[in-house]
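Engineer: Just so it is clear, I am handing over start.cif, which has mmCIF, C-alpha atoms and all ligand atoms.
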data_coords
#
loop_
_atom_site.label_atom_id
_atom_site.label_comp_id
_atom_site.auth_asym_id
_atom_site.auth_seq_id
_atom_site.Cartn_x
_atom_site.Cartn_y
_atom_site.Cartn_z
CA MET A 29 65.58 -42.01 -50.53
CA PRO A 30 67.48 -45.30 -50.37
CA ALA A 31 65.28 -48.34 -50.95
CA ARG A 32 64.67 -50.28 -47.74
CA ARG A 33 65.93 -53.82 -47.93
CA LEU A 34 63.26 -56.37 -47.26
CA GLN A 35 64.22 -58.66 -44.45
CA PRO A 36 63.75 -62.35 -45.19
CA SER A 37 60.83 -63.79 -43.29
CA ARG A 38 61.26 -66.35 -40.55
CA GLU A 39 58.99 -69.32 -40.48
CA PHE A 40 57.96 -70.94 -37.23
CA HIS A 41 55.81 -73.87 -36.27
CA VAL A 42 53.38 -73.11 -33.46
CA VAL A 43 51.26 -75.69 -31.69
CA VAL A 44 48.09 -74.79 -29.78
CA LEU A 45 47.48 -77.29 -27.01
CA GLY A 46 45.01 -77.70 -24.15
CA ALA A 47 42.01 -79.66 -22.92
CA GLY A 48 38.89 -80.09 -25.07
CA GLY A 49 36.59 -77.08 -25.24
CA VAL A 50 38.94 -74.46 -23.73
CA GLY A 51 38.85 -72.35 -26.88
CA LYS A 52 41.94 -73.34 -28.89
CA SER A 53 40.11 -73.23 -32.23
CA CYS A 54 38.34 -69.98 -31.37
CA LEU A 55 41.61 -68.30 -30.39
CA THR A 56 43.26 -69.48 -33.58
CA ALA A 57 40.28 -68.42 -35.73
CA GLN A 58 40.28 -64.98 -34.11
CA PHE A 59 44.00 -64.57 -34.64
CA VAL A 60 44.14 -65.83 -38.23
CA HIS A 61 40.75 -64.78 -39.60
CA ASN A 62 39.38 -62.23 -37.15
CA GLU A 63 36.27 -64.29 -36.67
CA TRP A 64 34.32 -65.50 -33.67
CA VAL A 65 32.96 -69.05 -33.67
CA GLU A 66 30.11 -69.63 -31.24
CA SER A 67 29.50 -73.31 -31.90
CA TYR A 68 31.63 -76.13 -30.50
CA ASP A 69 32.93 -78.51 -33.11
CA PRO A 70 35.69 -80.67 -31.59
CA THR A 71 38.87 -80.47 -33.62
CA ILE A 72 40.87 -83.41 -34.88
CA GLU A 73 43.62 -81.28 -36.32
CA ASP A 74 43.63 -78.03 -38.29
CA SER A 75 46.59 -76.17 -39.68
CA TYR A 76 46.77 -72.51 -40.64
CA ARG A 77 49.43 -70.42 -42.27
CA THR A 78 49.61 -66.74 -41.55
CA GLN A 79 52.05 -63.89 -41.89
CA LEU A 80 52.65 -61.02 -39.50
CA GLN A 81 55.16 -58.36 -38.55
CA VAL A 82 56.77 -58.56 -35.15
CA ASP A 83 59.01 -55.67 -34.15
CA GLY A 84 59.50 -54.84 -37.81
CA ARG A 85 60.39 -58.41 -38.78
CA GLN A 86 58.36 -60.59 -41.14
CA VAL A 87 57.21 -63.81 -39.52
CA VAL A 88 55.33 -66.66 -41.12
CA LEU A 89 53.52 -68.89 -38.68
CA GLU A 90 52.35 -72.39 -39.37
CA ILE A 91 49.81 -72.90 -36.61
CA LEU A 92 48.61 -76.33 -35.64
CA ASP A 93 45.31 -76.34 -33.77
CA THR A 94 45.23 -79.69 -32.01
CA ALA A 95 42.59 -81.98 -30.57
CA GLY A 96 41.88 -81.58 -26.88
CA THR A 97 39.58 -84.57 -26.75
CA GLU A 98 41.28 -87.71 -25.49
CA GLN A 99 40.33 -89.86 -28.46
CA PHE A 100 42.47 -87.76 -30.85
CA VAL A 101 45.72 -87.47 -28.89
CA ALA A 102 47.75 -90.07 -30.79
CA MET A 103 49.53 -87.40 -32.90
CA ARG A 104 50.83 -85.46 -29.92
CA ASP A 105 54.37 -86.80 -29.75
CA LEU A 106 54.99 -85.93 -33.38
CA TYR A 107 53.81 -82.36 -33.23
CA MET A 108 55.49 -81.75 -29.90
CA LYS A 109 58.71 -82.80 -31.56
CA THR A 110 58.30 -80.53 -34.56
CA GLY A 111 56.69 -77.52 -32.83
CA GLN A 112 58.98 -74.61 -32.06
CA GLY A 113 56.57 -72.66 -29.88
CA PHE A 114 53.56 -73.72 -27.83
CA LEU A 115 50.42 -71.94 -26.70
CA LEU A 116 49.21 -73.86 -23.66
CA VAL A 117 45.56 -72.95 -23.33
CA PHE A 118 43.25 -73.54 -20.39
CA SER A 119 39.91 -72.04 -19.48
CA ILE A 120 39.71 -69.80 -16.41
CA THR A 121 36.36 -71.51 -15.78
CA SER A 122 37.97 -74.94 -15.30
CA GLN A 123 40.66 -75.91 -12.79
CA ALA A 124 40.93 -79.31 -14.50
CA SER A 125 41.97 -77.60 -17.71
CA LEU A 126 44.83 -75.88 -15.87
CA ASP A 127 45.95 -79.24 -14.48
CA GLU A 128 45.91 -80.59 -18.01
CA ILE A 129 48.35 -78.00 -19.36
CA ALA A 130 50.77 -78.92 -16.55
CA SER A 131 50.99 -82.46 -17.87
CA LEU A 132 51.20 -81.19 -21.45
CA ARG A 133 54.16 -79.00 -20.50
CA ASP A 134 55.90 -81.97 -18.82
CA GLU A 135 55.39 -83.96 -21.99
CA ILE A 136 56.76 -81.19 -24.23
CA ILE A 137 59.88 -80.84 -22.09
CA ARG A 138 60.38 -84.59 -22.04
CA ILE A 139 59.90 -85.01 -25.77
CA LYS A 140 62.02 -82.01 -26.76
CA ASP A 141 64.50 -82.60 -23.96
CA ASP A 142 64.57 -78.84 -23.48
CA GLU A 143 63.42 -76.85 -20.43
CA SER A 144 63.47 -73.49 -22.17
CA VAL A 145 61.19 -74.19 -25.11
CA PRO A 146 59.09 -71.11 -26.04
CA ILE A 147 55.74 -71.33 -24.25
CA VAL A 148 52.90 -68.93 -23.56
CA ILE A 149 50.30 -69.83 -20.94
CA VAL A 150 46.81 -68.70 -21.94
CA GLY A 151 43.88 -68.51 -19.52
CA ASN A 152 41.03 -68.20 -22.01
CA LYS A 153 37.33 -67.31 -21.53
CA ALA A 154 38.25 -64.31 -19.41
CA ASP A 155 34.90 -62.79 -20.38
CA LEU A 156 33.23 -65.43 -18.19
CA GLU A 157 34.41 -63.82 -14.95
CA GLU A 158 31.29 -64.95 -13.09
CA ASN A 159 32.25 -68.59 -13.78
CA ARG A 160 35.91 -68.19 -12.88
CA GLN A 161 37.44 -71.24 -11.13
CA VAL A 162 41.09 -70.34 -11.56
CA PRO A 163 42.07 -67.18 -9.68
CA ARG A 164 44.28 -64.84 -11.66
CA ALA A 165 46.96 -65.17 -8.96
CA ARG A 166 47.11 -68.94 -9.54
CA GLY A 167 47.78 -68.35 -13.21
CA PHE A 168 50.58 -65.95 -12.37
CA SER A 169 52.13 -68.33 -9.87
CA VAL A 170 52.23 -71.07 -12.54
CA SER A 171 53.77 -68.52 -14.88
CA GLN A 172 56.52 -67.73 -12.38
CA ARG A 173 57.24 -71.37 -11.73
CA TRP A 174 57.49 -72.19 -15.42
CA GLU A 175 59.17 -68.90 -16.33
CA ALA A 176 56.64 -68.50 -19.12
CA PRO A 177 54.38 -65.48 -19.74
CA TYR A 178 50.73 -65.67 -18.73
CA TYR A 179 47.86 -63.98 -20.54
CA GLU A 180 44.18 -64.02 -19.76
CA SER A 181 42.37 -63.93 -23.06
CA SER A 182 38.92 -63.99 -24.51
CA ALA A 183 38.44 -65.37 -27.97
CA ARG A 184 34.92 -63.98 -27.79
CA THR A 185 35.98 -60.35 -27.28
CA ARG A 186 39.41 -60.77 -28.95
CA THR A 187 41.12 -59.67 -25.73
CA ASN A 188 44.84 -60.52 -25.69
CA VAL A 189 44.53 -62.85 -28.66
CA GLU A 190 47.21 -61.17 -30.77
CA GLU A 191 49.33 -60.52 -27.70
CA CYS A 192 49.65 -64.26 -26.96
CA PHE A 193 50.81 -65.11 -30.47
CA ILE A 194 53.12 -62.09 -30.71
CA ASP A 195 54.75 -62.91 -27.39
CA LEU A 196 55.38 -66.43 -28.63
CA CYS A 197 56.87 -65.04 -31.87
CA ARG A 198 59.21 -62.82 -29.86
CA GLN A 199 60.41 -65.79 -27.84
CA MET A 200 61.01 -67.85 -30.99
CA LEU A 201 62.81 -64.95 -32.73
CA ARG A 202 65.00 -64.40 -29.67
CA ARG A 203 65.85 -68.05 -29.58
CA GLU A 204 66.72 -68.09 -33.25
CA ASP A 205 68.86 -64.95 -32.86
CA GLU A 206 70.70 -66.69 -30.05
CA GLY A 207 71.21 -69.70 -32.29
CA GLY A 208 69.14 -71.99 -30.12
CA ALA A 209 66.42 -72.98 -32.57
CA GLU A 210 67.07 -76.45 -33.87
CA ASP A 211 64.14 -76.40 -36.26
CA SER A 212 64.62 -73.12 -38.11
CA PRO A 213 63.34 -73.11 -41.74
CA THR A 214 66.89 -73.65 -42.98
CA HIS A 215 67.04 -76.74 -40.75
CA LYS A 216 63.63 -78.10 -41.49
CA PRO A 217 62.91 -81.34 -39.67
CA GLU A 218 62.89 -84.31 -41.97
CA HIS A 219 59.67 -85.66 -40.64
CA SER A 220 57.26 -82.81 -40.13
CA ALA A 221 53.78 -83.22 -38.74
CA TYR A 222 52.93 -80.02 -40.59
CA ASP A 223 53.97 -81.21 -44.02
CA SER A 224 52.31 -84.56 -43.82
CA HIS A 225 49.17 -83.21 -42.20
CA LYS A 226 48.71 -79.91 -43.96
CA ARG A 227 45.04 -80.24 -44.25
CA ARG A 228 42.01 -78.93 -42.56
CA ARG A 229 40.04 -81.69 -41.02
CA ARG A 230 37.16 -81.02 -38.81
CA ARG A 231 34.70 -83.67 -37.94
CA ARG A 232 31.58 -83.43 -35.92
CA LEU A 233 31.28 -85.99 -33.19
CA ARG A 234 28.36 -88.23 -33.88
CA ASP A 235 27.19 -88.42 -30.27
CA GLY A 236 25.65 -84.98 -30.32
CA GLN A 237 28.33 -83.49 -28.00
CA ARG A 238 28.01 -79.89 -29.09
CA CYS A 239 27.80 -76.39 -27.72
CA VAL A 240 29.76 -77.38 -24.63
CA VAL A 241 31.04 -74.33 -22.85
CA LEU A 242 33.29 -75.14 -19.92
N1 LIG A 301 32.57 -67.14 -23.54
C1 LIG A 301 33.58 -67.66 -24.25
N2 LIG A 301 33.41 -68.82 -24.93
C2 LIG A 301 34.46 -69.29 -25.63
C3 LIG A 301 35.70 -68.64 -25.68
N3 LIG A 301 36.52 -69.37 -26.47
C4 LIG A 301 35.82 -70.42 -26.88
N4 LIG A 301 34.57 -70.38 -26.39
C5 LIG A 301 33.49 -71.37 -26.63
O1 LIG A 301 33.92 -72.61 -26.12
C6 LIG A 301 33.53 -73.68 -26.97
C7 LIG A 301 34.74 -74.50 -27.39
O2 LIG A 301 35.62 -73.70 -28.18
P1 LIG A 301 36.68 -74.35 -29.17
O3 LIG A 301 37.54 -73.25 -29.67
O4 LIG A 301 36.03 -75.21 -30.17
O5 LIG A 301 37.50 -75.24 -28.13
P2 LIG A 301 38.74 -76.20 -28.43
O6 LIG A 301 39.71 -76.02 -27.32
O7 LIG A 301 39.29 -75.96 -29.80
O8 LIG A 301 38.07 -77.63 -28.33
P3 LIG A 301 38.59 -79.05 -28.97
O9 LIG A 301 38.56 -78.91 -30.44
O10 LIG A 301 37.63 -80.06 -28.46
O11 LIG A 301 39.96 -79.30 -28.43
C8 LIG A 301 32.78 -73.03 -28.14
O12 LIG A 301 31.40 -73.09 -27.88
C9 LIG A 301 33.25 -71.59 -28.12
O13 LIG A 301 32.30 -70.70 -28.65
C10 LIG A 301 35.85 -67.42 -24.95
O14 LIG A 301 36.89 -66.77 -24.92
N5 LIG A 301 34.75 -66.98 -24.25
#
Would you give me this structure, written as structure tokens?

Structural biologist:
Amino acid sequence: MPARRLQPSREFHVVVLGAGGVGKSCLTAQFVHNEWVESYDPTIEDSYRTQLQVDGRQVVLEILDTAGTEQFVAMRDLYMKTGQGFLLVFSITSQASLDEIASLRDEIIRIKDDESVPIVIVGNKADLEENRQVPRARGFSVSQRWEAPYYESSARTRTNVEECFIDLCRQMLRREDEGGAEDSPTHKPEHSAYDSHKRRRRRRLRDGQRCVVL
């Protein structure tokens, strides 16, 4: 049998954005480590590197889990610039968190000067149906308006967690195939938020703000 040639892997920078407490860290932890985190420990910035196969192609993802809490937003411009794909996460239990991703999307488009940047809209905490504030139809109407896929996920039950990341990978691969990715690994940005901040920093807030579930 002829030896199969190994395809070179593509490397993409993914940024997970959304309001504080919507489940960005839990989604990322489920995707990367298959683990569920019950406690709430507000993130400053965490980065993860993981490898996966998407439609038979090797993909390396550098995932930046960002701070949702207002006091840590200073880094946003930089990682919006260097990110190639964005998971915009809200909680289906909070209308305000949906409003927040609308302004985040505006900011991404402004900073990247690109309307067709790969985005996946994630309505997390779908297991909390009894606390739902955002009707599913509202999520889908946002999705249609933005021409971006919408998933309802639960980091707790691992529902649609992989699907969100894989969809984003497909969008980034498609874009690269079409020659539209300005930040492919061969054209690495000179000033990368990922290189200079490749560290895992989590800090507990000192004011006892914990175990907040939206
Ligand atoms: N029921 C339920 N709880 C969730 C889910 N995802 C996250 N949580 C809980 O929500 C809280 C906040 O989750 P995090 O992942 O830390 O939220 P975050 O968006 O990273 O928050 P910041 O770091 O402040 O931006 C934690 O108590 C989680 O256990 C989910 O899908 N379902």

Engineer: Considering only C-alpha atoms, state which residue in the set A:Leu45, A:Ala124, A:Leu55, A:Ile194 is at the smallest distance from Asp83 of chain A.

Structural biologist: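 Result for the nearest residue to Asp83 of chain A: A:Ile194.
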
Engineer: Which chains and residue numbers are within 7 Å of ligand LIG 301 (chain A), counting only C-alpha atoms and all ligand atoms, if I want them as a PyMOL selection string?

Structural biologist: chain A and resi 46-55+65-72+94-97+152-156+181-185+239-242

Engineer: Skipping near chain neighbours, those fewer than 6 positions away, what residues fall within 12 Å of Asp127 of chain A using all atoms listed in the file, listed as a VMD selection string?

Structural biologist: chain A and resid 46 to 47 116 to 120 133 to 134 162 166 to 167 170

Engineer: Would you work out the distance separating atom CA of Arg198 of chain A from atom CA of Arg164 of chain A, expressed in Å to one decimal?

Structural biologist: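 Interatomic distance, atom CA of Arg198 of chain A to atom CA of Arg164 of chain A: 23.6 Å.
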
Engineer: Pull the neighbourhood of (53.2, -72.8, -24.1) for me: all residues within 7 Å in file coordinates, counting all atoms listed in the file, as a count of residues only.

Structural biologist: 8

Engineer: I'd like the interatomic distance between atom CA of Gly151 of chain A and atom CA of Tyr76 of chain A, to a tenth of an Å.

Structural biologist: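 Distance between the two atoms: 21.7 Å.
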
Engineer: Find the residue from A:Arg173, A:Arg38, A:Arg203, A:Lys140 that sits nearest to Tyr107 of chain A; use all atoms listed in the file when measuring.

Structural biologist: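 Looking only at the distances to Tyr107 of chain A, the closest residue turns out to be A:Lys140.
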
Engineer: With only C-alpha atoms as the atoms that count, which of A:Gly207, A:Val189, A:Cys197, A:Ile139 lies nearest to Met108 of chain A?

Structural biologist: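 Using only C-alpha atoms, Met108 of chain A sits closest to A:Ile139.
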
Engineer: Excluding Thr78 of chain A and residues on its chain fewer than 6 positions from it, collect all residues at most 7 Å away from it, counting all atoms listed in the file, and give them as a ChimeraX atom specification.

Structural biologist: /A:60,88-90

Engineer: Rounded to one decimal place, report the atom CA of Asn188 of chain A-atom CA of Ser171 of chain A distance in Å.

Structural biologist: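 These two atoms are separated by 16.1 Å.
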
Engineer: Of the candidates A:Thr187, A:Asn62, A:Gln199, A:Gln112, which shows the shortest atom-to-atom distance to Val82 of chain A, using only C-alpha atoms?

Structural biologist: A:Gln199

Engineer: Given all atoms listed in the file as the basis, pick out the residue of A:Thr121, A:Ser144, A:Gln172, A:Thr56 nearest to Arg202 of chain A.

Structural biologist: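 Of A:Thr121, A:Ser144, A:Gln172, A:Thr56, the one nearest Arg202 of chain A, counting all atoms listed in the file, is A:Ser144.
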
Engineer: Can you patch up segment 80-93 of chain A, filling it in to N, CA and C atoms, and show the result as a short mmCIF file (atom, residue, chain, number, x, y, z; two decimals), in the frame of the given file?

Structural biologist:
data_model
loop_
_atom_site.label_atom_id
_atom_site.label_comp_id
_atom_site.auth_asym_id
_atom_site.auth_seq_id
_atom_site.Cartn_x
_atom_site.Cartn_y
_atom_site.Cartn_z
N LEU A 80 52.80 -62.23 -40.30
CA LEU A 80 52.65 -61.02 -39.50
C LEU A 80 53.99 -60.33 -39.33
N GLN A 81 53.93 -59.11 -38.83
CA GLN A 81 55.16 -58.36 -38.55
C GLN A 81 55.32 -58.31 -37.05
N VAL A 82 56.50 -58.65 -36.59
CA VAL A 82 56.77 -58.56 -35.15
C VAL A 82 58.03 -57.73 -34.99
N ASP A 83 57.89 -56.59 -34.34
CA ASP A 83 59.01 -55.67 -34.15
C ASP A 83 59.73 -55.39 -35.47
N GLY A 84 58.94 -55.19 -36.51
CA GLY A 84 59.50 -54.84 -37.81
C GLY A 84 60.06 -56.03 -38.58
N ARG A 85 59.88 -57.23 -38.07
CA ARG A 85 60.39 -58.41 -38.78
C ARG A 85 59.23 -59.25 -39.29
N GLN A 86 59.40 -59.75 -40.52
CA GLN A 86 58.36 -60.59 -41.14
C GLN A 86 58.41 -61.99 -40.53
N VAL A 87 57.26 -62.46 -40.10
CA VAL A 87 57.21 -63.81 -39.52
C VAL A 87 56.08 -64.58 -40.20
N VAL A 88 56.38 -65.78 -40.61
CA VAL A 88 55.33 -66.66 -41.12
C VAL A 88 55.09 -67.73 -40.06
N LEU A 89 53.84 -67.87 -39.69
CA LEU A 89 53.52 -68.89 -38.68
C LEU A 89 52.72 -70.00 -39.32
N GLU A 90 53.13 -71.21 -39.02
CA GLU A 90 52.35 -72.39 -39.37
C GLU A 90 51.75 -72.84 -38.04
N ILE A 91 50.45 -72.65 -37.91
CA ILE A 91 49.81 -72.90 -36.61
C ILE A 91 49.03 -74.20 -36.65
N LEU A 92 49.34 -75.07 -35.71
CA LEU A 92 48.61 -76.33 -35.64
C LEU A 92 47.65 -76.28 -34.46
N ASP A 93 46.36 -76.33 -34.79
CA ASP A 93 45.31 -76.34 -33.77
C ASP A 93 45.00 -77.81 -33.51
#
